[in-house]
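Text of the file input-v1.cif, holding mmCIF, C-alpha atoms and all ligand atoms:
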```cif
data_structure
#
loop_
_atom_site.label_atom_id
_atom_site.label_comp_id
_atom_site.auth_asym_id
_atom_site.auth_seq_id
_atom_site.Cartn_x
_atom_site.Cartn_y
_atom_site.Cartn_z
CA MET A 62 0.00 0.00 0.00
CA LEU A 63 2.77 2.35 1.11
CA SER A 64 6.40 1.43 0.77
CA VAL A 65 9.48 3.37 1.67
CA SER A 66 12.86 2.34 0.38
CA GLN A 67 16.31 3.59 1.29
CA LEU A 68 14.88 6.84 2.56
CA SER A 69 17.29 9.39 4.00
CA ILE A 70 16.37 12.83 5.29
CA ASP A 71 18.72 15.70 6.10
CA TYR A 72 18.27 19.00 7.90
CA GLY A 73 21.04 21.01 6.26
CA SER A 74 24.20 18.95 6.67
CA ASN A 75 22.68 16.89 9.49
CA ARG A 76 21.37 13.47 8.42
CA VAL A 77 18.57 12.57 10.82
CA VAL A 78 17.05 9.57 9.01
CA SER A 79 19.24 7.02 7.21
CA ASP A 80 18.36 4.26 4.79
CA LEU A 81 14.83 3.69 6.06
CA ASN A 82 12.94 0.76 4.56
CA LEU A 83 9.40 -0.02 5.55
CA SER A 84 6.07 -1.01 4.13
CA LEU A 85 2.55 -0.51 5.34
CA GLY A 86 -0.02 -3.17 4.51
CA GLU A 87 -3.70 -2.67 3.76
CA ASN A 88 -5.55 -1.83 6.96
CA GLU A 89 -2.36 -2.14 9.03
CA ILE A 90 -1.40 -0.01 12.03
CA LEU A 91 2.37 0.39 12.32
CA MET A 92 3.61 1.95 15.55
CA LEU A 93 6.90 3.87 15.50
CA VAL A 94 8.80 4.25 18.76
CA GLY A 95 12.27 5.39 19.70
CA PRO A 96 14.16 7.76 21.99
CA THR A 97 13.54 11.48 21.73
CA GLY A 98 15.16 13.04 18.66
CA CYS A 99 15.54 9.74 16.77
CA GLY A 100 13.57 11.05 13.77
CA LYS A 101 10.01 9.77 14.24
CA SER A 102 8.24 13.07 13.47
CA THR A 103 10.67 13.77 10.65
CA ILE A 104 9.67 10.51 8.95
CA LEU A 105 5.96 11.37 9.19
CA GLN A 106 6.58 14.85 7.80
CA ALA A 107 8.52 13.43 4.88
CA LEU A 108 5.78 10.90 4.11
CA ALA A 109 3.23 13.71 4.18
CA GLY A 110 5.37 15.79 1.81
CA LEU A 111 5.94 18.55 4.35
CA ILE A 112 9.74 18.28 4.13
CA PRO A 113 11.98 17.13 1.28
CA ILE A 114 13.77 13.81 1.22
CA SER A 115 17.46 13.49 0.36
CA GLU A 116 17.64 9.90 -0.88
CA GLY A 117 15.38 6.97 -1.59
CA GLU A 118 11.74 6.86 -2.58
CA ILE A 119 8.21 6.68 -1.26
CA ASN A 120 5.68 4.66 -3.24
CA THR A 121 1.95 4.11 -2.94
CA ASP A 122 -0.52 2.51 -5.35
CA LYS A 123 -1.21 6.01 -6.68
CA TRP A 124 1.97 8.06 -6.49
CA ARG A 125 5.74 8.04 -6.18
CA ALA A 126 8.03 10.60 -4.58
CA THR A 127 11.82 10.86 -4.82
CA PRO A 128 14.27 13.70 -4.07
CA LYS A 129 13.82 14.93 -7.66
CA LEU A 130 10.20 13.90 -8.13
CA THR A 131 8.51 15.93 -5.41
CA LEU A 132 4.79 15.77 -4.75
CA PRO A 133 2.94 18.38 -2.66
CA PRO A 134 1.05 17.22 0.47
CA GLU A 135 -2.40 17.84 -1.05
CA LYS A 136 -1.69 15.34 -3.84
CA ARG A 137 -0.73 12.51 -1.44
CA SER A 138 -4.15 11.65 0.01
CA VAL A 139 -2.67 11.46 3.47
CA GLY A 140 -4.42 12.36 6.73
CA MET A 141 -2.48 13.71 9.69
CA VAL A 142 -3.39 13.74 13.37
CA PHE A 143 -1.15 15.79 15.66
CA GLN A 144 -0.69 15.90 19.41
CA ASP A 145 -1.95 19.50 19.58
CA PHE A 146 -5.16 18.62 17.64
CA ALA A 147 -4.64 21.46 15.09
CA LEU A 148 -8.31 22.49 15.00
CA PHE A 149 -9.57 25.85 13.72
CA PRO A 150 -10.62 27.70 16.91
CA HIS A 151 -13.21 29.91 15.18
CA LEU A 152 -15.03 26.99 13.52
CA SER A 153 -17.53 24.64 15.17
CA VAL A 154 -16.91 20.91 15.49
CA GLN A 155 -19.09 20.29 12.43
CA GLN A 156 -17.32 23.01 10.40
CA ASN A 157 -13.89 21.71 11.44
CA ILE A 158 -14.74 18.19 10.34
CA CYS A 159 -16.39 19.28 7.10
CA PHE A 160 -13.68 21.79 6.21
CA ARG A 161 -13.08 21.66 2.44
CA LEU A 162 -15.25 18.56 2.17
CA LYS A 163 -17.41 18.27 -0.95
CA ASN A 164 -19.34 15.24 0.27
CA THR A 165 -20.27 15.62 3.95
CA ALA A 166 -21.81 12.13 4.33
CA PRO A 167 -18.56 10.61 5.68
CA ALA A 168 -18.34 13.48 8.17
CA ASP A 169 -21.76 12.54 9.58
CA HIS A 170 -20.68 8.94 9.82
CA TRP A 171 -17.55 9.77 11.84
CA ILE A 172 -19.28 12.39 13.99
CA LYS A 173 -21.72 9.70 15.11
CA LEU A 174 -19.18 6.89 15.38
CA LEU A 175 -16.78 8.97 17.48
CA GLY A 176 -19.55 10.17 19.83
CA LEU A 177 -19.48 13.81 18.70
CA ASP A 178 -23.17 14.25 17.86
CA ASP A 179 -23.86 16.42 20.90
CA PHE A 180 -20.92 18.69 20.19
CA ARG A 181 -21.55 19.54 16.52
CA ASN A 182 -22.10 23.23 17.19
CA LYS A 183 -19.51 23.70 19.90
CA LYS A 184 -16.21 25.51 19.40
CA PRO A 185 -12.97 23.58 20.10
CA ALA A 186 -12.15 25.76 23.14
CA THR A 187 -15.18 24.36 24.97
CA LEU A 188 -14.15 20.72 24.42
CA SER A 189 -11.96 18.45 26.54
CA GLY A 190 -8.63 17.21 25.15
CA GLY A 191 -10.12 13.81 24.36
CA GLN A 192 -13.06 15.36 22.51
CA LYS A 193 -10.72 17.62 20.53
CA GLN A 194 -8.68 14.61 19.44
CA ARG A 195 -11.87 12.81 18.36
CA VAL A 196 -12.75 15.85 16.24
CA ALA A 197 -9.28 15.83 14.69
CA LEU A 198 -9.61 12.11 13.93
CA ALA A 199 -13.14 12.53 12.53
CA ARG A 200 -11.90 15.33 10.29
CA THR A 201 -9.02 13.20 9.05
CA LEU A 202 -11.16 10.12 8.35
CA ALA A 203 -14.01 12.16 6.79
CA HIS A 204 -11.56 13.15 4.05
CA GLN A 205 -11.13 9.45 3.23
CA PRO A 206 -7.33 9.47 3.02
CA ASP A 207 -5.40 6.54 1.61
CA PHE A 208 -3.33 6.40 4.79
CA VAL A 209 -3.13 8.23 8.10
CA LEU A 210 -0.11 9.51 10.03
CA LEU A 211 -0.56 10.07 13.75
CA ASP A 212 2.11 12.02 15.61
CA GLU A 213 1.75 11.26 19.32
CA PRO A 214 -2.02 11.81 19.23
CA LEU A 215 -2.47 11.01 22.92
CA SER A 216 0.51 12.71 24.52
CA ASN A 217 -1.49 15.74 25.70
CA LEU A 218 -4.12 13.63 27.46
CA ASP A 219 -4.24 12.16 30.95
CA ALA A 220 -3.60 8.45 31.56
CA ALA A 221 -7.21 7.28 31.96
CA LEU A 222 -8.33 9.07 28.81
CA LYS A 223 -5.33 7.82 26.86
CA ASP A 224 -6.22 4.24 27.60
CA MET A 225 -9.76 4.64 26.29
CA LEU A 226 -8.99 6.85 23.32
CA ARG A 227 -6.19 4.65 21.99
CA TRP A 228 -8.74 1.86 21.46
CA ASP A 229 -11.28 4.27 19.97
CA ILE A 230 -8.65 5.45 17.48
CA ARG A 231 -7.61 1.90 16.62
CA ASN A 232 -11.24 0.82 16.17
CA ALA A 233 -12.01 3.86 14.00
CA LEU A 234 -8.98 3.22 11.78
CA LYS A 235 -9.92 -0.44 11.44
CA ALA A 236 -13.57 0.46 10.72
CA ALA A 237 -12.39 2.89 8.05
CA GLY A 238 -10.03 0.26 6.66
CA VAL A 239 -7.29 2.88 6.44
CA PRO A 240 -3.69 1.93 7.23
CA ALA A 241 -1.78 4.15 9.62
CA ILE A 242 1.66 4.95 10.96
CA TRP A 243 1.37 6.03 14.58
CA VAL A 244 4.24 7.64 16.47
CA THR A 245 4.19 7.24 20.22
CA HIS A 246 6.44 7.62 23.25
CA ASP A 247 4.44 5.05 25.12
CA GLN A 248 5.85 1.51 24.79
CA GLU A 249 2.73 -0.03 26.26
CA GLU A 250 0.60 1.79 23.69
CA ALA A 251 2.88 0.64 20.89
CA LEU A 252 2.75 -2.99 21.97
CA SER A 253 -0.98 -3.14 22.61
CA VAL A 254 -2.43 -1.07 19.77
CA GLY A 255 -0.10 -1.79 16.86
CA ASP A 256 -0.27 -4.63 14.36
CA ARG A 257 3.49 -4.15 14.03
CA VAL A 258 6.02 -2.05 15.89
CA GLY A 259 9.07 -0.32 14.44
CA ILE A 260 11.84 0.70 16.84
CA LEU A 261 14.11 3.53 15.76
CA LYS A 262 17.47 4.65 17.06
CA GLY A 263 19.46 7.57 15.69
CA GLY A 264 17.34 7.73 12.53
CA GLU A 265 17.75 4.02 11.77
CA ILE A 266 15.22 1.23 12.13
CA GLN A 267 16.41 -1.39 14.59
CA GLN A 268 13.54 -3.83 14.24
CA ILE A 269 10.08 -3.95 12.69
CA ASP A 270 8.02 -6.89 13.82
CA ALA A 271 4.86 -8.10 15.49
CA PRO A 272 4.57 -6.61 19.01
CA GLU A 273 4.99 -10.01 20.69
CA ARG A 274 8.16 -10.70 18.74
CA CYS A 275 9.67 -7.26 19.43
CA PHE A 276 8.99 -7.78 23.12
CA SER A 277 10.00 -11.39 23.61
CA MET A 278 12.62 -11.80 20.88
CA PRO A 279 14.19 -8.34 20.42
CA ASN A 280 16.99 -8.36 17.88
CA SER A 281 19.30 -6.31 20.12
CA ARG A 282 19.79 -5.36 23.74
CA PHE A 283 18.79 -1.81 22.83
CA VAL A 284 15.37 -2.95 21.59
CA ALA A 285 15.02 -5.24 24.61
CA ARG A 286 15.63 -2.36 27.01
CA PHE A 287 13.56 0.13 25.05
CA LEU A 288 10.40 -1.97 25.05
CA GLY A 289 10.03 -2.45 28.78
CA GLU A 290 11.73 -3.64 31.91
CA ALA A 291 14.64 -5.90 30.94
CA SER A 292 17.36 -7.60 32.94
CA PHE A 293 20.07 -9.95 31.76
CA ILE A 294 21.61 -12.94 33.52
CA SER A 295 24.65 -14.84 32.32
CA GLY A 296 24.26 -18.46 31.29
CA GLN A 297 25.33 -21.23 28.95
CA PHE A 298 23.35 -21.88 25.80
CA ASN A 299 23.20 -25.25 24.15
CA GLN A 300 20.59 -27.33 22.33
CA HIS A 301 17.83 -24.68 22.62
CA GLN A 302 18.32 -24.56 26.39
CA ALA A 303 19.91 -21.90 28.61
CA THR A 304 21.41 -22.85 31.95
CA THR A 305 21.62 -20.10 34.57
CA SER A 306 22.24 -19.87 38.32
CA ILE A 307 18.50 -19.45 38.94
CA GLY A 308 17.12 -22.08 36.58
CA ASN A 309 17.20 -23.65 33.14
CA VAL A 310 14.86 -22.41 30.43
CA PRO A 311 14.12 -22.96 26.77
CA ALA A 312 16.05 -20.37 24.78
CA HIS A 313 16.53 -18.92 21.32
CA GLY A 314 19.86 -17.50 20.21
CA VAL A 315 19.39 -14.03 18.70
CA ASP A 316 23.00 -13.62 17.60
CA CYS A 317 24.62 -16.97 18.44
CA GLU A 318 24.12 -20.73 18.19
CA SER A 319 25.62 -21.78 21.52
CA GLY A 320 28.14 -20.81 24.19
CA ASP A 321 28.36 -18.13 26.88
CA VAL A 322 25.32 -15.89 26.70
CA ASP A 323 23.24 -13.28 28.48
CA VAL A 324 19.62 -14.32 28.86
CA LEU A 325 16.95 -11.62 28.54
CA LEU A 326 14.58 -11.71 31.49
CA ARG A 327 11.28 -9.87 31.61
CA PRO A 328 9.84 -9.39 35.11
CA ASP A 329 7.16 -11.98 34.42
CA ASP A 330 9.78 -14.62 33.63
CA VAL A 331 11.24 -14.41 37.15
CA LEU A 332 9.36 -16.13 39.96
CA LEU A 333 9.90 -14.51 43.38
CA VAL A 334 9.05 -16.47 46.51
CA GLN A 335 9.35 -15.38 50.13
CA SER A 336 10.80 -18.29 51.99
CA CYS A 337 12.64 -19.01 55.24
CA VAL A 338 15.20 -21.30 53.64
CA GLY A 339 17.10 -21.43 50.36
CA ASN A 340 16.99 -17.71 49.61
CA ASN A 341 19.31 -16.59 46.83
CA GLY A 342 18.79 -12.83 46.58
CA GLU A 343 18.10 -9.58 48.36
CA VAL A 344 15.39 -7.14 47.36
CA ILE A 345 16.96 -3.77 46.62
CA TRP A 346 13.93 -1.80 45.47
CA VAL A 347 10.19 -2.21 45.05
CA ARG A 348 7.80 -0.17 42.91
CA PHE A 349 4.10 -0.38 43.63
CA GLU A 350 2.16 -0.52 40.33
CA GLY A 351 -1.41 -0.86 41.55
CA GLY A 352 -2.32 -4.44 40.78
CA SER A 353 1.29 -5.59 41.08
CA ARG A 354 4.71 -4.75 42.48
CA LEU A 355 7.92 -4.63 40.47
CA CYS A 356 10.86 -5.83 42.58
CA ALA A 357 14.59 -5.68 41.86
CA VAL A 358 16.55 -8.52 43.41
CA LYS A 359 20.34 -8.66 43.72
CA LEU A 360 21.79 -12.15 43.39
CA ALA A 361 24.99 -13.36 45.06
CA CYS A 362 26.85 -12.87 41.76
CA SER A 363 25.75 -9.16 41.89
CA THR A 364 23.41 -9.55 38.91
CA ILE A 365 20.18 -7.63 39.41
CA VAL A 366 16.97 -9.21 38.07
CA THR A 367 13.47 -7.80 38.22
CA SER A 368 10.36 -9.74 39.10
CA ARG A 369 6.70 -8.76 39.08
CA VAL A 370 4.58 -10.03 41.94
CA SER A 371 0.94 -9.60 42.87
CA HIS A 372 0.12 -6.55 45.00
CA GLU A 373 -0.91 -9.05 47.65
CA VAL A 374 2.73 -10.04 48.12
CA VAL A 375 4.26 -7.47 50.44
CA VAL A 376 7.97 -7.20 49.74
CA ASN A 377 10.37 -4.61 51.08
CA PRO A 378 13.92 -3.57 50.29
CA GLY A 379 16.34 -5.65 52.35
CA ASP A 380 14.12 -8.77 52.31
CA GLN A 381 15.86 -12.07 51.54
CA VAL A 382 13.91 -13.92 48.80
CA HIS A 383 14.16 -16.83 46.40
CA VAL A 384 14.04 -16.14 42.68
CA SER A 385 13.90 -18.73 39.92
CA LEU A 386 13.15 -19.12 36.24
CA SER A 387 10.45 -21.35 34.92
CA THR A 388 9.13 -20.42 31.51
CA SER A 389 7.65 -22.61 28.84
CA HIS A 390 8.34 -20.06 26.09
CA PRO A 391 11.92 -19.62 24.83
CA LEU A 392 13.83 -16.65 26.21
CA ALA A 393 16.06 -14.55 23.97
CA VAL A 394 19.78 -15.05 24.52
CA TYR A 395 22.64 -12.86 23.27
CA LYS A 396 26.32 -13.64 22.90
CA ARG A 397 28.01 -12.65 26.19
CA MET A 398 29.68 -9.27 26.02
CA GLN A 399 33.31 -9.42 27.17
N1 LIG E 1 13.31 21.89 11.43
C1 LIG E 1 14.42 21.30 11.88
N2 LIG E 1 15.63 21.80 11.57
C2 LIG E 1 16.77 21.20 11.99
N3 LIG E 1 16.80 20.08 12.75
C3 LIG E 1 15.62 19.54 13.09
C4 LIG E 1 14.37 20.10 12.68
N4 LIG E 1 13.37 19.34 13.17
C5 LIG E 1 13.96 18.34 13.87
N5 LIG E 1 15.30 18.46 13.82
C6 LIG E 1 16.28 17.52 14.42
O1 LIG E 1 16.10 16.25 13.80
C7 LIG E 1 16.21 15.21 14.74
C8 LIG E 1 14.95 14.36 14.70
O2 LIG E 1 13.88 15.15 15.17
P1 LIG E 1 12.41 14.57 15.28
O3 LIG E 1 11.52 15.65 15.77
O4 LIG E 1 12.05 13.89 14.02
O5 LIG E 1 12.61 13.46 16.41
P2 LIG E 1 11.50 12.65 17.22
O6 LIG E 1 11.98 11.24 17.27
O7 LIG E 1 10.15 12.90 16.65
O8 LIG E 1 11.65 13.33 18.65
P3 LIG E 1 10.59 13.44 19.83
O9 LIG E 1 10.35 12.04 20.30
O10 LIG E 1 11.32 14.25 20.86
O11 LIG E 1 9.37 14.11 19.30
C9 LIG E 1 16.49 15.86 16.08
O12 LIG E 1 17.87 15.84 16.30
C10 LIG E 1 16.01 17.28 15.89
O13 LIG E 1 16.74 18.16 16.70
#
```
Rewrite the coordinates I just gave you, this time as C-alpha cells.
Ligand SMILES: Nc1ncnc2c1ncn2[C@@H]1O[C@H](COP(=O)(O)OP(=O)(O)OP(=O)(O)O)[C@@H](O)[C@H]1O
Amino acid sequence: MLSVSQLSIDYGSNRVVSDLNLSLGENEILMLVGPTGCGKSTILQALAGLIPISEGEINTDKWRATPKLTLPPEKRSVGMVFQDFALFPHLSVQQNICFRLKNTAPADHWIKLLGLDDFRNKKPATLSGGQKQRVALARTLAHQPDFVLLDEPLSNLDAALKDMLRWDIRNALKAAGVPAIWVTHDQEEALSVGDRVGILKGGEIQQIDAPERCFSMPNSRFVARFLGEASFISGQFNQHQATTSIGNVPAHGVDCESGDVDVLLRPDDVLLVQSCVGNNGEVIWVRFEGGSRLCAVKLACSTIVTSRVSHEVVVNPGDQVHVSLSTSHPLAVYKRMQ
C-alpha cells in the first residue's frame, strides 16, 4: 500500500534519518517508537510531503516521490493527526470536520461513530482534550485518506483518557479500513495497539516486527531495554536450552548458536518467593504498580533481576527472597559481552 525504500532525510548537513525501509499493509497499524530526537516526526513529515527527502523513494498505489520527483502534500491523500489537535478555533466541530469537504456524508458517519453528535455546534475551546482529538480524527477520516499519520495523538491527554482513546482510534482506523503509521512515546501503547512495531534509534530502524516478537525476541539489547523492563543474567546456551544460576529455560539465540550468553529476562519470567530457607537474593527496590509490584533482586553474583509479583505479596527492600526461572516459552539469549 505504502512502501518506503532507502529513505534518507537531512536537515542542512545533518542526516537525521538514514536508509529507512518499511512497508505498510492494507488496513495495518504500524507503531513507530524510539528515543527522543531519533527522527520519528521527521519521517511522518517526509511521508506527508511537508519536508523534502534526500535519498530513496516513497511509493503508494497512486503516487511516487523521490528527491527529484517531489509531490505536494495535497496530492498525497494522506491524513495527519497531531498531538496539539490542530483544530480551527473559530469553527464549530461540524465546520472543522467538514472543512473543504465536498461530500459531507462521511463526516456525519464519523461524527456519530466517534460520539461527537452532541458537540456539533460547539467551538474547540469548549471541548476536553479527548473530545478535541476525536474531532481531529473525525476530520481526518471524513476526508477518506489513503493512509493516516498520527504524531503522538495522545501525549497531551491524561492516563485514563489515553487508555480509552487509543482503542477508539484503533477501532475507528480499522472500521475505516485505512492503514496508519502512529508515532508514540508510550511503549505499552505501541505494543498493545499496533499490528506491528518499528523501533528507531538515531534515525535508523532497529527492528520492525509483530509486538509479541519485538517484546520477547528483540533483535538487540537496545530494543530489549527500550520496550520495557529488561534484565540480563549470564548463562550457557546449548541445544535450545539456557542454563543459569536461577534455573534452566528454553532459549533462542538471537546472535549466536551456543556458548556463553546473556539471557533476557522480563519481570514476568522471574518467579519470586518469600521463603525461610534457600533464599538466593536480596530485594533492593520495590515499585508499587497498583495491581502488582515490580521488585529488583540482587543475586549473590551481583546480577540484578526484576520480578513482578501480585500486589498481595508485600515485599520490602532488604528482604531475603528466592528467585527462579520457569518459563515454557523460549527466552532470547545474546552472545556474552566481554
Ligand atoms: N526543522 C528542523 N531543523 C533542523 N533540525 C531539526 C528540525 N526538526 C527536527 N530536527 C532535528 O532532527 C532530529 C529528529 O527530530 P524529530 O523531531 O524527528 O525526532 P523525534 O523522534 O520525533 O523526537 P521526539 O520524540 O522528541 O518528538 C532531532 O535531532 C532534531 O533536533
### Message
Could you list, as a PyMOL selection string, every residue within 12 Å of segment 167-175 of chain A, counting only C-alpha atoms and ignoring same-chain residues fewer than 4 positions away?
### Response
chain A and resi 154-163+179-182+191-206+226+228-234+236-237
### Task
Could you tell me, counting only C-alpha atoms and all ligand atoms, which protein and nucleic acid residues lie no more than 9 Å from ligand LIG 1 (chain E), written as a PyMOL selection string?
chain A and resi 71-73+75-78+94-106+112+212-213+244-246+261-264
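Selecting by distance to (4.4, 0.4, 3.0) with a limit of 6 Å and using only C-alpha atoms, one obtains Met62, Leu63, Ser64, Leu83, Ser84, Leu85 and Gly86 of chain A.
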Draw an axis-aligned box over all listed atoms of segment 119-134 of chain A, pad each side with 4 Å, and write its centre and edge lengths in Å, one decimal, as AutoDock Vina command-line options.
```
--center_x 6.5 --center_y 10.4 --center_z -3.8 --size_x 23.5 --size_y 23.9 --size_z 16.6
```
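Among the candidates A:Asn120, A:Asn217, A:Asn280, A:Ser253, the residue lying nearest to Ile90 of chain A is A:Ser253 (atoms considered: all atoms listed in the file).
Nearest to Asp247 of chain A of all the residues A:Ile266, A:Leu215, A:Val310, A:Met225 is A:Leu215, based on all atoms listed in the file.
Across the structure, atom CA of Asp122 of chain A and atom CA of Ser66 of chain A are spaced 14.6 Å apart.
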### Non-local contacts of Leu68 of chain A (8 Å; all atoms listed in the file; under 6 positions in same chain excluded) as a list in words
Val78, Ser79, Asp80, Leu81, Asn82, Ile114, Ser115, Glu116, Gly117, Glu118 and Ile119 of chain A
Resulting file, chosen residues, C-alpha atoms, as a PDB file, keeping the file's coordinate frame:
```pdb
ATOM      1  CA  VAL A  78      17.050   9.570   9.010  1.00  0.00           C
ATOM      2  CA  SER A  79      19.240   7.020   7.210  1.00  0.00           C
ATOM      3  CA  ASP A  80      18.360   4.260   4.790  1.00  0.00           C
ATOM      4  CA  LEU A  81      14.830   3.690   6.060  1.00  0.00           C
ATOM      5  CA  ASN A  82      12.940   0.760   4.560  1.00  0.00           C
ATOM      6  CA  ILE A 114      13.770  13.810   1.220  1.00  0.00           C
ATOM      7  CA  SER A 115      17.460  13.490   0.360  1.00  0.00           C
ATOM      8  CA  GLU A 116      17.640   9.900  -0.880  1.00  0.00           C
ATOM      9  CA  GLY A 117      15.380   6.970  -1.590  1.00  0.00           C
ATOM     10  CA  GLU A 118      11.740   6.860  -2.580  1.00  0.00           C
ATOM     11  CA  ILE A 119       8.210   6.680  -1.260  1.00  0.00           C
TER      12      ILE A 119
END
```
### Task
Could you tell me which of A:Ile242, A:Asn164, A:Leu218, A:Ala361 comes closest to Ala109 of chain A if we count all atoms listed in the file?
A:Ile242
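Minimum distance to Val347 of chain A across A:Leu392, A:Val375, A:Leu91, A:Val334 (counting only C-alpha atoms) occurs at A:Val375.
If you look at atom CA of Pro133 of chain A and atom CA of Phe149 of chain A, they are 21.9 Å away from each other.
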